[in-house]
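Enquirer: I'm passing along my_file.tsv; it holds TSV, C-alpha atoms and all ligand atoms.
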chain	number	residue	atom	x	y	z
A	1	MET	CA	-30.39	-16.11	-0.21
A	2	SER	CA	-30.91	-15.87	-3.96
A	3	ILE	CA	-29.64	-18.64	-6.25
A	4	GLU	CA	-27.21	-16.11	-7.70
A	5	ASN	CA	-25.68	-15.31	-4.30
A	6	LEU	CA	-25.60	-18.99	-3.37
A	7	ILE	CA	-23.69	-19.98	-6.53
A	8	ASN	CA	-21.36	-17.05	-5.94
A	9	LYS	CA	-20.67	-18.10	-2.31
A	10	VAL	CA	-20.09	-21.75	-3.21
A	11	GLY	CA	-17.73	-20.66	-5.99
A	12	ILE	CA	-15.66	-18.53	-3.60
A	13	ARG	CA	-15.51	-21.35	-1.01
A	14	ALA	CA	-14.32	-23.84	-3.63
A	15	LEU	CA	-11.69	-21.47	-5.01
A	16	HIS	CA	-10.38	-20.67	-1.53
A	17	CYS	CA	-9.67	-24.39	-0.98
A	18	LEU	CA	-6.90	-23.98	-3.54
A	19	ASP	CA	-3.72	-21.98	-3.06
A	20	PRO	CA	-4.17	-18.42	-4.38
A	21	GLU	CA	-2.17	-18.78	-7.59
A	22	THR	CA	-3.81	-22.09	-8.59
A	23	SER	CA	-7.20	-20.63	-7.75
A	24	HIS	CA	-6.51	-17.57	-9.88
A	25	ASN	CA	-5.31	-19.63	-12.85
A	26	ALA	CA	-8.40	-21.85	-12.57
A	27	THR	CA	-10.65	-18.78	-12.57
A	28	ILE	CA	-9.02	-17.42	-15.73
A	29	LYS	CA	-9.32	-20.81	-17.44
A	30	MET	CA	-12.99	-21.10	-16.42
A	31	LEU	CA	-13.77	-17.62	-17.69
A	32	ALA	CA	-11.84	-18.14	-20.93
A	33	SER	CA	-13.66	-21.41	-21.63
A	34	GLY	CA	-17.06	-19.83	-21.05
A	35	LEU	CA	-17.78	-22.18	-18.11
A	36	ALA	CA	-18.13	-19.47	-15.45
A	37	PRO	CA	-21.75	-18.65	-14.60
A	38	THR	CA	-22.85	-15.08	-15.36
A	39	PHE	CA	-25.74	-13.32	-13.72
A	40	GLY	CA	-26.71	-10.44	-15.99
A	41	GLN	CA	-25.95	-6.79	-15.54
A	42	ILE	CA	-27.39	-3.45	-14.60
A	43	GLU	CA	-28.09	-1.22	-17.59
A	44	ASP	CA	-28.47	2.44	-16.69
A	45	LYS	CA	-27.58	5.39	-18.93
A	46	ALA	CA	-26.96	7.50	-15.82
A	47	LEU	CA	-23.88	5.34	-15.08
A	48	GLU	CA	-22.31	5.98	-18.49
A	49	TYR	CA	-19.06	7.90	-18.71
A	50	LYS	CA	-17.94	9.54	-21.94
A	51	TRP	CA	-14.23	10.16	-22.37
A	52	GLY	CA	-13.35	11.47	-25.84
A	53	ASP	CA	-14.57	8.81	-28.27
A	54	LEU	CA	-14.93	6.21	-25.54
A	55	THR	CA	-18.10	5.31	-23.69
A	56	PHE	CA	-17.77	3.37	-20.44
A	57	LYS	CA	-21.19	1.82	-19.86
A	58	ASN	CA	-20.68	1.70	-16.11
A	59	PRO	CA	-17.93	2.87	-13.73
A	60	VAL	CA	-16.62	-0.51	-12.56
A	61	GLY	CA	-13.45	-1.83	-14.19
A	62	MET	CA	-11.35	-4.97	-13.74
A	63	ALA	CA	-7.98	-3.79	-12.45
A	64	ALA	CA	-4.71	-4.80	-14.11
A	65	GLY	CA	-3.02	-7.99	-12.95
A	66	PHE	CA	-6.14	-10.18	-12.99
A	67	ASP	CA	-6.03	-10.90	-16.72
A	68	LYS	CA	-2.33	-10.29	-17.27
A	69	ASN	CA	-2.23	-12.14	-20.57
A	70	ALA	CA	-5.54	-11.03	-22.10
A	71	GLU	CA	-7.13	-14.47	-22.01
A	72	ALA	CA	-10.57	-13.53	-20.73
A	73	ILE	CA	-11.45	-9.99	-21.87
A	74	ALA	CA	-14.91	-10.61	-23.29
A	75	PRO	CA	-15.92	-13.05	-20.49
A	76	LEU	CA	-14.91	-10.43	-17.89
A	77	MET	CA	-17.02	-7.84	-19.67
A	78	LYS	CA	-19.88	-10.33	-19.58
A	79	LEU	CA	-19.60	-10.34	-15.78
A	80	GLY	CA	-20.66	-6.70	-15.90
A	81	PHE	CA	-17.39	-4.77	-15.93
A	82	GLY	CA	-17.62	-1.60	-18.01
A	83	HIS	CA	-13.94	-1.82	-18.76
A	84	VAL	CA	-11.17	-4.37	-18.42
A	85	GLU	CA	-7.50	-3.50	-18.07
A	86	VAL	CA	-5.21	-6.33	-19.17
A	87	GLY	CA	-1.49	-6.63	-18.34
A	88	THR	CA	0.96	-5.64	-17.13
A	89	VAL	CA	2.61	-6.75	-20.37
A	90	THR	CA	6.38	-6.41	-20.86
A	91	PRO	CA	8.26	-6.56	-24.20
A	92	LEU	CA	9.77	-9.99	-23.48
A	93	PRO	CA	7.95	-12.84	-21.75
A	94	GLN	CA	8.88	-13.23	-18.06
A	95	GLU	CA	8.53	-16.02	-15.50
A	96	GLY	CA	8.21	-13.61	-12.59
A	97	ASN	CA	9.38	-14.40	-9.05
A	98	PRO	CA	9.63	-17.92	-7.59
A	99	LYS	CA	6.45	-19.44	-6.11
A	100	PRO	CA	4.75	-18.99	-3.72
A	101	ARG	CA	4.19	-15.36	-4.67
A	102	ASN	CA	0.53	-14.71	-3.96
A	103	PHE	CA	-0.97	-14.82	-0.45
A	104	ARG	CA	-4.46	-14.41	0.98
A	105	LEU	CA	-4.87	-12.59	4.29
A	106	SER	CA	-8.45	-13.78	4.71
A	107	ALA	CA	-9.02	-12.28	8.17
A	108	ASP	CA	-8.08	-8.91	6.67
A	109	ARG	CA	-9.85	-9.39	3.32
A	110	ALA	CA	-6.48	-8.62	1.77
A	111	VAL	CA	-3.93	-10.04	-0.67
A	112	ILE	CA	-0.15	-9.76	-0.81
A	113	ASN	CA	1.47	-10.50	-4.16
A	114	ARG	CA	4.99	-10.44	-5.48
A	115	TYR	CA	4.40	-11.93	-8.90
A	116	GLY	CA	6.97	-9.63	-10.53
A	117	PHE	CA	5.29	-9.15	-13.91
A	118	ASN	CA	4.98	-12.78	-14.97
A	119	ASN	CA	3.48	-12.49	-18.45
A	120	ASP	CA	3.58	-13.87	-21.99
A	121	GLY	CA	5.26	-10.77	-23.47
A	122	HIS	CA	4.23	-8.36	-26.26
A	123	ASP	CA	4.17	-10.79	-29.20
A	124	VAL	CA	1.87	-13.39	-27.69
A	125	VAL	CA	-0.46	-10.93	-25.95
A	126	TYR	CA	-0.70	-8.77	-29.10
A	127	GLU	CA	-1.77	-11.77	-31.20
A	128	ARG	CA	-4.25	-12.94	-28.57
A	129	ILE	CA	-5.99	-9.56	-28.42
A	130	ARG	CA	-5.97	-9.16	-32.20
A	131	LYS	CA	-7.55	-12.58	-32.68
A	132	ALA	CA	-10.19	-11.92	-30.01
A	133	GLY	CA	-11.41	-8.92	-32.03
A	134	ARG	CA	-13.52	-6.03	-30.75
A	135	THR	CA	-14.91	-6.42	-27.26
A	136	PRO	CA	-18.24	-5.18	-25.93
A	137	GLY	CA	-16.64	-2.81	-23.39
A	138	VAL	CA	-13.64	-0.53	-23.03
A	139	LEU	CA	-10.26	-2.25	-23.21
A	140	GLY	CA	-7.25	-0.88	-21.35
A	141	ILE	CA	-3.80	-2.33	-22.02
A	142	ASN	CA	-1.29	-1.86	-19.20
A	143	VAL	CA	2.37	-1.86	-20.20
A	144	GLY	CA	5.57	-2.17	-18.19
A	145	ALA	CA	9.29	-2.87	-18.35
A	146	ASN	CA	11.20	-6.15	-18.18
A	147	LYS	CA	13.07	-6.79	-14.96
A	148	LEU	CA	16.41	-7.13	-16.74
A	149	SER	CA	15.85	-4.37	-19.28
A	150	GLU	CA	18.77	-2.01	-19.78
A	151	ASP	CA	16.48	0.77	-20.96
A	152	ARG	CA	13.17	0.80	-19.14
A	153	VAL	CA	11.93	3.94	-20.88
A	154	ALA	CA	12.40	2.14	-24.22
A	155	ASP	CA	10.27	-0.76	-22.91
A	156	TYR	CA	7.33	1.58	-22.23
A	157	VAL	CA	7.75	3.21	-25.63
A	158	LEU	CA	7.69	-0.23	-27.27
A	159	GLY	CA	4.51	-1.04	-25.36
A	160	VAL	CA	2.80	2.14	-26.54
A	161	LYS	CA	3.82	1.56	-30.16
A	162	ARG	CA	2.80	-2.07	-30.13
A	163	PHE	CA	-0.56	-1.82	-28.42
A	164	ALA	CA	-1.86	1.61	-29.51
A	165	GLU	CA	-3.86	0.07	-32.36
A	166	LEU	CA	-5.59	-2.47	-30.13
A	167	ALA	CA	-6.18	-0.45	-26.97
A	168	ASP	CA	-9.03	1.90	-26.14
A	169	TYR	CA	-6.61	3.35	-23.63
A	170	LEU	CA	-3.07	2.53	-22.51
A	171	THR	CA	-1.67	2.54	-18.98
A	172	ALA	CA	1.97	3.07	-18.09
A	173	ASN	CA	2.46	1.13	-14.87
A	174	ILE	CA	5.43	2.51	-12.97
A	175	SER	CA	4.15	1.52	-9.56
A	176	SER	CA	4.60	-2.21	-9.12
A	177	PRO	CA	6.66	-2.80	-5.98
A	178	ASN	CA	7.83	-6.16	-7.32
A	179	THR	CA	10.24	-5.03	-10.03
A	180	PRO	CA	13.25	-3.60	-8.20
A	181	GLY	CA	13.76	0.12	-8.90
A	182	LEU	CA	10.59	0.51	-11.01
A	183	ARG	CA	9.00	2.99	-8.62
A	184	ASP	CA	12.05	5.25	-9.00
A	185	LEU	CA	10.42	6.28	-12.28
A	186	GLN	CA	7.95	8.26	-10.15
A	187	GLU	CA	10.72	10.68	-9.18
A	188	LYS	CA	10.25	14.08	-10.87
A	189	ASP	CA	13.07	14.15	-13.44
A	190	ALA	CA	12.84	10.47	-14.34
A	191	LEU	CA	9.07	10.81	-14.70
A	192	GLY	CA	9.37	13.85	-16.96
A	193	HIS	CA	11.79	11.97	-19.21
A	194	LEU	CA	9.59	8.86	-19.31
A	195	LEU	CA	6.34	10.70	-19.98
A	196	THR	CA	7.86	12.84	-22.72
A	197	ALA	CA	9.04	9.67	-24.49
A	198	ILE	CA	5.70	7.91	-24.00
A	199	MET	CA	3.63	10.83	-25.24
A	200	GLU	CA	5.88	11.29	-28.27
A	201	ALA	CA	5.39	7.62	-29.13
A	202	ARG	CA	1.65	7.97	-28.67
A	203	ASN	CA	1.51	11.08	-30.87
A	204	GLU	CA	3.54	9.36	-33.60
A	205	GLN	CA	0.81	6.73	-33.82
A	206	GLU	CA	-1.91	9.29	-34.46
A	207	ASP	CA	-1.46	9.57	-38.24
A	208	ARG	CA	-1.47	5.81	-38.66
A	209	LEU	CA	-4.47	5.20	-36.42
A	210	GLY	CA	-6.49	8.33	-36.97
A	211	ARG	CA	-6.95	8.81	-33.23
A	212	LYS	CA	-4.97	9.75	-30.15
A	213	VAL	CA	-5.02	6.75	-27.85
A	214	PRO	CA	-5.40	8.07	-24.30
A	215	VAL	CA	-2.53	7.28	-21.93
A	216	MET	CA	-3.00	6.79	-18.18
A	217	LEU	CA	-0.26	6.80	-15.57
A	218	LYS	CA	-0.68	4.33	-12.69
A	219	ILE	CA	0.96	5.38	-9.45
A	220	ALA	CA	1.68	3.93	-6.03
A	221	PRO	CA	-0.11	4.94	-2.83
A	222	ASP	CA	3.25	5.14	-1.04
A	223	VAL	CA	4.16	8.68	-2.01
A	224	ALA	CA	4.42	11.65	0.33
A	225	ASP	CA	2.23	14.72	-0.24
A	226	GLU	CA	4.99	16.76	-1.88
A	227	ALA	CA	5.97	13.94	-4.24
A	228	LEU	CA	2.34	13.48	-5.21
A	229	LYS	CA	2.08	17.16	-6.12
A	230	GLU	CA	5.23	16.86	-8.24
A	231	ILE	CA	3.85	13.81	-10.04
A	232	ALA	CA	0.61	15.68	-10.76
A	233	GLU	CA	2.56	18.63	-12.11
A	234	VAL	CA	4.61	16.46	-14.47
A	235	VAL	CA	1.47	14.65	-15.62
A	236	LEU	CA	-0.22	17.93	-16.49
A	237	THR	CA	2.78	19.42	-18.29
A	238	SER	CA	3.32	16.19	-20.27
A	239	ASN	CA	-0.33	16.14	-21.38
A	240	VAL	CA	-0.88	12.64	-20.05
A	241	ASP	CA	-4.59	11.90	-20.39
A	242	GLY	CA	-5.37	10.55	-16.94
A	243	MET	CA	-4.16	8.75	-13.84
A	244	ILE	CA	-4.90	5.52	-12.00
A	245	VAL	CA	-4.58	5.76	-8.24
A	246	SER	CA	-3.40	3.38	-6.99
A	247	ASN	CA	-1.32	0.23	-7.16
A	248	THR	CA	-0.66	-1.99	-4.11
A	249	THR	CA	1.13	-0.68	-1.01
A	250	ILE	CA	4.40	-1.78	0.53
A	251	ALA	CA	3.12	-0.53	3.90
A	252	ARG	CA	1.89	-3.03	6.50
A	253	PRO	CA	-0.72	-1.40	8.75
A	254	ALA	CA	-0.27	-2.41	12.41
A	255	THR	CA	-3.98	-3.28	12.45
A	256	LEU	CA	-3.53	-6.30	10.14
A	257	LYS	CA	-4.87	-9.40	11.91
A	258	ASP	CA	-2.82	-11.93	9.95
A	259	GLN	CA	0.59	-10.76	11.13
A	260	GLN	CA	2.21	-13.98	9.95
A	261	GLN	CA	1.20	-13.56	6.29
A	262	ALA	CA	1.79	-9.79	6.61
A	263	LYS	CA	5.51	-10.57	6.81
A	264	GLU	CA	5.49	-11.75	3.17
A	265	ALA	CA	7.25	-9.32	0.84
A	266	GLY	CA	5.20	-7.73	-1.92
A	267	GLY	CA	2.32	-5.38	-2.51
A	268	LEU	CA	-0.67	-5.37	-0.18
A	269	SER	CA	-4.13	-4.89	-1.69
A	270	GLY	CA	-7.74	-5.25	-0.57
A	271	ALA	CA	-9.57	-3.77	2.43
A	272	PRO	CA	-6.49	-2.48	4.33
A	273	LEU	CA	-5.49	-0.46	1.26
A	274	PHE	CA	-8.79	1.37	0.94
A	275	GLU	CA	-8.09	4.34	3.23
A	276	ARG	CA	-4.56	5.00	1.96
A	277	ALA	CA	-5.48	4.65	-1.72
A	278	THR	CA	-8.56	6.84	-1.36
A	279	ILE	CA	-6.58	9.60	0.36
A	280	ALA	CA	-3.96	9.42	-2.42
A	281	LEU	CA	-6.76	9.59	-5.00
A	282	ALA	CA	-8.36	12.64	-3.35
A	283	LYS	CA	-5.02	14.44	-3.06
A	284	THR	CA	-4.36	13.68	-6.72
A	285	ARG	CA	-7.77	15.08	-7.68
A	286	ARG	CA	-7.04	18.22	-5.68
A	287	ALA	CA	-3.65	18.59	-7.41
A	288	VAL	CA	-4.81	17.99	-10.99
A	289	GLY	CA	-8.11	19.87	-10.85
A	290	PRO	CA	-11.60	18.70	-11.82
A	291	ASP	CA	-11.05	17.81	-15.47
A	292	LEU	CA	-8.35	15.14	-15.65
A	293	PRO	CA	-9.85	11.63	-15.76
A	294	LEU	CA	-8.94	9.66	-12.63
A	295	PHE	CA	-9.56	5.98	-11.95
A	296	GLY	CA	-9.74	5.10	-8.24
A	297	VAL	CA	-8.42	1.67	-7.24
A	298	GLY	CA	-7.64	-0.01	-3.93
A	299	GLY	CA	-9.78	-1.82	-1.41
A	300	VAL	CA	-13.18	-1.59	-3.08
A	301	ASP	CA	-15.09	-4.59	-1.72
A	302	THR	CA	-18.53	-3.08	-1.08
A	303	PRO	CA	-20.89	-0.81	-3.04
A	304	GLU	CA	-20.42	1.88	-0.37
A	305	LYS	CA	-16.64	1.92	-0.85
A	306	ALA	CA	-17.12	2.22	-4.62
A	307	ALA	CA	-19.33	5.26	-4.02
A	308	ALA	CA	-16.77	6.71	-1.59
A	309	LYS	CA	-14.05	6.53	-4.29
A	310	ILE	CA	-16.28	8.43	-6.70
A	311	PHE	CA	-17.13	11.02	-4.03
A	312	ALA	CA	-13.38	11.37	-3.31
A	313	GLY	CA	-12.73	12.23	-6.95
A	314	ALA	CA	-12.70	9.13	-9.18
A	315	ASN	CA	-14.45	9.13	-12.57
A	316	GLN	CA	-14.12	5.35	-12.72
A	317	ILE	CA	-13.20	2.70	-10.20
A	318	GLN	CA	-11.34	-0.56	-10.60
A	319	LEU	CA	-11.07	-3.58	-8.34
A	320	TYR	CA	-9.27	-6.88	-8.02
A	321	SER	CA	-8.99	-8.14	-4.41
A	322	GLY	CA	-12.68	-7.43	-3.76
A	323	MET	CA	-13.49	-10.12	-6.35
A	324	VAL	CA	-11.35	-12.60	-4.43
A	325	TYR	CA	-13.51	-12.22	-1.32
A	326	GLU	CA	-16.89	-11.22	-2.74
A	327	GLY	CA	-16.95	-12.99	-6.11
A	328	GLN	CA	-18.42	-11.70	-9.31
A	329	THR	CA	-21.76	-10.53	-7.86
A	330	LEU	CA	-19.87	-7.56	-6.38
A	331	VAL	CA	-19.85	-5.84	-9.79
A	332	LYS	CA	-23.60	-5.99	-10.14
A	333	LYS	CA	-24.16	-4.97	-6.51
A	334	ILE	CA	-21.96	-1.89	-6.96
A	335	ASN	CA	-23.69	-0.82	-10.16
A	336	HIS	CA	-27.10	-1.37	-8.61
A	337	HIS	CA	-26.15	0.74	-5.59
A	338	LEU	CA	-24.74	3.54	-7.75
A	339	SER	CA	-27.81	3.51	-9.94
A	340	ARG	CA	-30.05	3.98	-6.88
A	341	LEU	CA	-27.72	6.67	-5.55
A	342	VAL	CA	-28.05	8.71	-8.74
A	343	ALA	CA	-31.83	8.53	-8.45
A	344	ALA	CA	-31.83	9.37	-4.73
A	345	ARG	CA	-29.53	12.37	-5.21
A	346	LYS	CA	-31.65	13.52	-8.16
A	347	VAL	CA	-28.72	14.00	-10.55
A	348	ALA	CA	-28.77	13.15	-14.26
A	349	ASN	CA	-25.49	11.23	-14.29
A	350	LEU	CA	-23.16	9.66	-11.74
A	351	GLN	CA	-20.36	11.96	-12.94
A	352	GLU	CA	-22.12	14.85	-11.20
A	353	LEU	CA	-21.21	13.21	-7.89
A	354	VAL	CA	-17.48	12.93	-8.65
A	355	GLY	CA	-15.46	14.71	-5.98
A	356	ILE	CA	-18.32	15.86	-3.76
A	357	ASP	CA	-16.37	14.63	-0.70
A	358	ASN	CA	-12.96	15.53	-2.07
A	359	ASP	CA	-12.01	17.88	0.77
A	360	ILE	CA	-12.84	15.35	3.47
A	361	TRP	CA	-10.46	12.81	1.94
A	362	ALA	CA	-7.78	15.17	0.64
A	363	ASP	CA	-7.37	16.83	4.06
A	364	LYS	CA	-6.39	13.49	5.65
A	365	SER	CA	-2.75	12.59	6.11
A	366	LEU	CA	-0.99	10.00	3.97
A	367	GLU	CA	1.97	9.90	6.29
A	368	ASN	CA	0.76	7.19	8.66
B	401	LIG	C1	-2.32	-10.67	-7.54
B	401	LIG	C2	-2.24	-9.26	-8.05
B	401	LIG	C3	-1.51	-8.98	-9.19
B	401	LIG	C4	-1.43	-7.67	-9.68
B	401	LIG	N1	-0.73	-7.41	-10.83
B	401	LIG	C5	-0.72	-6.13	-11.34
B	401	LIG	C6	-0.09	-5.85	-12.58
B	401	LIG	O1	0.45	-6.72	-13.24
B	401	LIG	N2	-0.11	-4.56	-13.01
B	401	LIG	C7	-0.72	-3.54	-12.34
B	401	LIG	O2	-0.74	-2.39	-12.79
B	401	LIG	N3	-1.35	-3.80	-11.16
B	401	LIG	C8	-1.37	-5.05	-10.66
B	401	LIG	N4	-2.02	-5.31	-9.47
B	401	LIG	C9	-2.60	-4.18	-8.71
B	401	LIG	C10	-4.10	-4.01	-8.97
B	401	LIG	O3	-4.34	-3.65	-10.31
B	401	LIG	C11	-4.68	-2.92	-8.04
B	401	LIG	O4	-4.07	-1.68	-8.36
B	401	LIG	C12	-4.46	-3.21	-6.57
B	401	LIG	O5	-4.58	-4.59	-6.29
B	401	LIG	C13	-5.45	-2.46	-5.67
B	401	LIG	O6	-6.76	-2.82	-5.94
B	401	LIG	P1	-7.58	-3.92	-5.07
B	401	LIG	O7	-7.45	-3.52	-3.62
B	401	LIG	O8	-8.99	-3.80	-5.58
B	401	LIG	O9	-6.97	-5.23	-5.36
B	401	LIG	C14	-2.09	-6.62	-8.98
B	401	LIG	C15	-2.83	-6.92	-7.83
B	401	LIG	C16	-2.91	-8.21	-7.37
B	401	LIG	C17	-3.73	-8.50	-6.12
Would you mind writing the structure in this file as structure tokens?
Expert:
Amino acid sequence: MSIENLINKVGIRALHCLDPETSHNATIKMLASGLAPTFGQIEDKALEYKWGDLTFKNPVGMAAGFDKNAEAIAPLMKLGFGHVEVGTVTPLPQEGNPKPRNFRLSADRAVINRYGFNNDGHDVVYERIRKAGRTPGVLGINVGANKLSEDRVADYVLGVKRFAELADYLTANISSPNTPGLRDLQEKDALGHLLTAIMEARNEQEDRLGRKVPVMLKIAPDVADEALKEIAEVVLTSNVDGMIVSNTTIARPATLKDQQQAKEAGGLSGAPLFERATIALAKTRRAVGPDLPLFGVGGVDTPEKAAAKIFAGANQIQLYSGMVYEGQTLVKKINHHLSRLVAARKVANLQELVGIDNDIWADKSLEN
């Protein structure tokens, strides 16, 4: 075993001795203080993805929820992520749900969380990002609504207005299962209303900023085929710039080994989410066509699963739970694998492989 893999393994062991929330907070603190070891990255032009003015230097992103408060953006990029999505940030600071609210299902390589958007709020997160200055990769800022907000649409609009100047792209997260009623925004009419307001707010910022900040919509994997088609339709008519598929699931597959922990309320992520999220991604790709940027998220914990997401239709992938079980070397392993894949398939850029297995995934059923 290489020194790198050994340090990585020891790090995971140590962190798993702590309860999941303490372990997560310690990881953020370690990263923010520059104490976390880093192992270098894979540089390969064939992994680059150009989206408007943005260049993603590789296709692996840190999913939202890991760095909710934007404390470790540059250190995460140093680990090899091509992009980092911070948040979800809400207008007002929030405590989130009572503890415990984060659970490891180690036998399943899964996580259940019901944090409920605990975050420092717009003001503090805005200042933190502004002070940190430009980062060496692409920065996504994920915005949401306060639990007790009387006008959730207004909360998203505030998020867009506040963070447009700092973000390379923005994400409207309407798919957390831990804010009661939030996922109702995925319903056709509500979604149309929300996206019209968000895109208007984004367009208003254009004169001031001299650029149109791309807006992504992040959806749940718990939507039936018809609903998914409706979401795709609304996204296209609203001129939203891309989609992130998907958030955590409220489903509990019967195959979960840790049936005790599986009873915890919240969103399930990690390995058991892979199949469901990848099917939802492929169906979304089929519905929106080849050109809309899609980020595939859910259950990526090996290089092969990262490749499968891209073959199913993702331009970029993101991960969170995979880091919990595999540590930071996962990022480098994925990029290394993808780099070799591009060479083996004799294509000029990874993007040429996007969607090559779309039919296989999109033909599967989401219903079970
Ligand atoms: C502990 C935890 C907290 C999360 N918080 C957020 C969040 O605040 N906003 C969001 O959009 N997604 C959040 N997510 C969802 C992830 O971004 C991702 O969509 C999901 O976990 C599936 O990816 P994974 O299987 O690689 O973890 C969270 C996930 C976890 C595990």
Enquirer: For a quick check of understanding, using only C-alpha atoms, which of A:Gly296, A:Ala307, A:Gly267, A:Gln328 has the smallest distance to Lys218 of chain A?
Expert: A:Gly296
Enquirer: Which residues are close to segment 26-42 of chain A, i.e. within 8 Å by only C-alpha atoms, leaving aside same-chain residues fewer than 4 positions away? Reply as a VMD selection string.
Expert: chain A and resid 4 22 67 71 to 72 75 to 76 78 to 80 329 332 335 to 336
Enquirer: To one decimal place, how far is atom CA of Val347 of chain A from atom CA of Ala306 of chain A in Å?
Expert: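 That distance, rounded to one decimal, is 17.6 Å.
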Enquirer: Kindly indicate which residue among A:Val111, A:Met77, A:Leu353, A:Ala145 lies nearest to ligand LIG 401 (chain B), using only C-alpha atoms and all ligand atoms for the distances.
Expert: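 Of A:Val111, A:Met77, A:Leu353, A:Ala145, the one nearest ligand LIG 401 (chain B), counting only C-alpha atoms and all ligand atoms, is A:Val111.
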Enquirer: Counting only C-alpha atoms, figure out which residue out of A:Arg101, A:Lys131, A:His83, A:Arg286 gets nearest to Leu228 of chain A.
Expert: A:Arg286
Enquirer: Quick one: residues within 7 Å of Asp301 of chain A, only C-alpha atoms, excluding same-chain residues fewer than 3 positions away - as a PyMOL selection string?
Expert: chain A and resi 271+305+322+326
Enquirer: Report as CSV the residues of chain A within 8 Å of ligand LIG 401 (chain B), each with its shortest atom pair and distance in Å (one decimal), using all atoms listed in the file, ordered by chain and increasing residue number.
Expert:
residue,atom,partner,partner_atom,distance
A:Met62,CA,B:LIG401,O3,7.9
A:Ala63,CA,B:LIG401,O3,4.2
A:Ala64,CA,B:LIG401,O3,4.0
A:Gly65,CA,B:LIG401,N1,3.2
A:Phe66,CA,B:LIG401,C3,6.1
A:Lys68,CA,B:LIG401,O1,6.1
A:Gly87,CA,B:LIG401,O1,5.5
A:Thr88,CA,B:LIG401,O1,4.1
A:Val89,CA,B:LIG401,O1,7.5
A:Asn102,CA,B:LIG401,C1,6.1
A:Ala110,CA,B:LIG401,O7,7.5
A:Val111,CA,B:LIG401,C17,5.7
A:Ile112,CA,B:LIG401,C17,6.5
A:Asn113,CA,B:LIG401,C1,5.1
A:Arg114,CA,B:LIG401,C1,7.6
A:Tyr115,CA,B:LIG401,C3,6.6
A:Gly116,CA,B:LIG401,O1,7.6
A:Phe117,CA,B:LIG401,O1,5.5
A:Asn118,CA,B:LIG401,O1,7.8
A:Asn142,CA,B:LIG401,O2,6.5
A:Thr171,CA,B:LIG401,O2,8.0
A:Asn173,CA,B:LIG401,O2,5.2
A:Ile174,CA,B:LIG401,O2,7.9
A:Ser175,CA,B:LIG401,O2,7.0
A:Ser176,CA,B:LIG401,C7,6.4
A:Lys218,CA,B:LIG401,O2,6.7
A:Val245,CA,B:LIG401,O4,7.5
A:Ser246,CA,B:LIG401,O4,5.3
A:Asn247,CA,B:LIG401,O4,3.6
A:Thr248,CA,B:LIG401,C12,4.7
A:Gly267,CA,B:LIG401,C15,7.6
A:Leu268,CA,B:LIG401,O5,7.3
A:Ser269,CA,B:LIG401,O7,4.1
A:Gly270,CA,B:LIG401,O7,3.5
A:Ala271,CA,B:LIG401,O7,6.4
A:Leu273,CA,B:LIG401,O7,6.1
A:Phe274,CA,B:LIG401,O7,6.8
A:Val297,CA,B:LIG401,O6,5.0
A:Gly298,CA,B:LIG401,O7,3.5
A:Gly299,CA,B:LIG401,O7,3.6
A:Val300,CA,B:LIG401,O8,5.4
A:Asp301,CA,B:LIG401,O8,7.3
A:Gln318,CA,B:LIG401,O8,6.4
A:Leu319,CA,B:LIG401,O8,3.5
A:Tyr320,CA,B:LIG401,O9,3.9
A:Ser321,CA,B:LIG401,O9,3.7
A:Gly322,CA,B:LIG401,O8,5.5
A:Met323,CA,B:LIG401,O8,7.8
Enquirer: Using all atoms listed in the file for the distances, tell me which of A:Gln260, A:Ser2, A:Asn69, A:Ser23 is nearest to His122 of chain A.
Expert: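 Selected residue with least distance to His122 of chain A: A:Asn69.
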Enquirer: Atom CA of Ala167 of chain A to atom CA of Ala197 of chain A: how many Å, to one decimal?
Expert: 18.4 Å
Enquirer: Find the distance between atom CA of Val153 of chain A and atom CA of Leu191 of chain A and write it in Å to one decimal.
Expert: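 Taking atom CA of Val153 of chain A as the start and atom CA of Leu191 of chain A as the end point, the length is 9.7 Å.
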Enquirer: Pick the closest to Ile198 of chain A from A:Glu21, A:Glu150, A:Asp155, A:Asp108: which is it, counting all atoms listed in the file?
Expert: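 Of A:Glu21, A:Glu150, A:Asp155, A:Asp108, the one nearest Ile198 of chain A is A:Asp155, counting all atoms listed in the file.
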Enquirer: Taking all atoms listed in the file into account, which of A:Leu139, A:Ala14, A:Met216, A:Val342 comes nearest Val240 of chain A?
Expert: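 Looking at the shortest contact to Val240 of chain A, the residue is A:Met216.
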Enquirer: Extract, using all atoms listed in the file, all DNA, RNA and protein residues at most 7 Å from Val60 of chain A, discarding same-chain residues fewer than 6 positions from it, and format them as a PDB file with C-alpha atoms, in the coordinates of the input.
Expert:
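New file selection-v1.pdb:
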ATOM      1  CA  PHE A  81     -17.390  -4.770 -15.930  1.00  0.00           C
ATOM      2  CA  GLY A  82     -17.620  -1.600 -18.010  1.00  0.00           C
ATOM      3  CA  HIS A  83     -13.940  -1.820 -18.760  1.00  0.00           C
ATOM      4  CA  GLN A 316     -14.120   5.350 -12.720  1.00  0.00           C
ATOM      5  CA  ILE A 317     -13.200   2.700 -10.200  1.00  0.00           C
ATOM      6  CA  GLN A 318     -11.340  -0.560 -10.600  1.00  0.00           C
ATOM      7  CA  VAL A 331     -19.850  -5.840  -9.790  1.00  0.00           C
TER       8      VAL A 331
END
Enquirer: Would you kindly return, as a list in words, each protein, DNA or RNA residue with an atom no farther than 12 Å from any atom of Asp44 of chain A, considering all atoms listed in the file and excluding same-chain residues fewer than 3 positions away?
Expert: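 Close residues of Asp44 of chain A: Gln41, Leu47, Glu48, Tyr49, Phe56, Lys57, Asn58, Pro59, Gly82, Lys332, Asn335, His336, His337, Leu338, Ser339, Arg340, Leu341, Val342, Ala343, Ala348, Asn349 and Leu350 of chain A.
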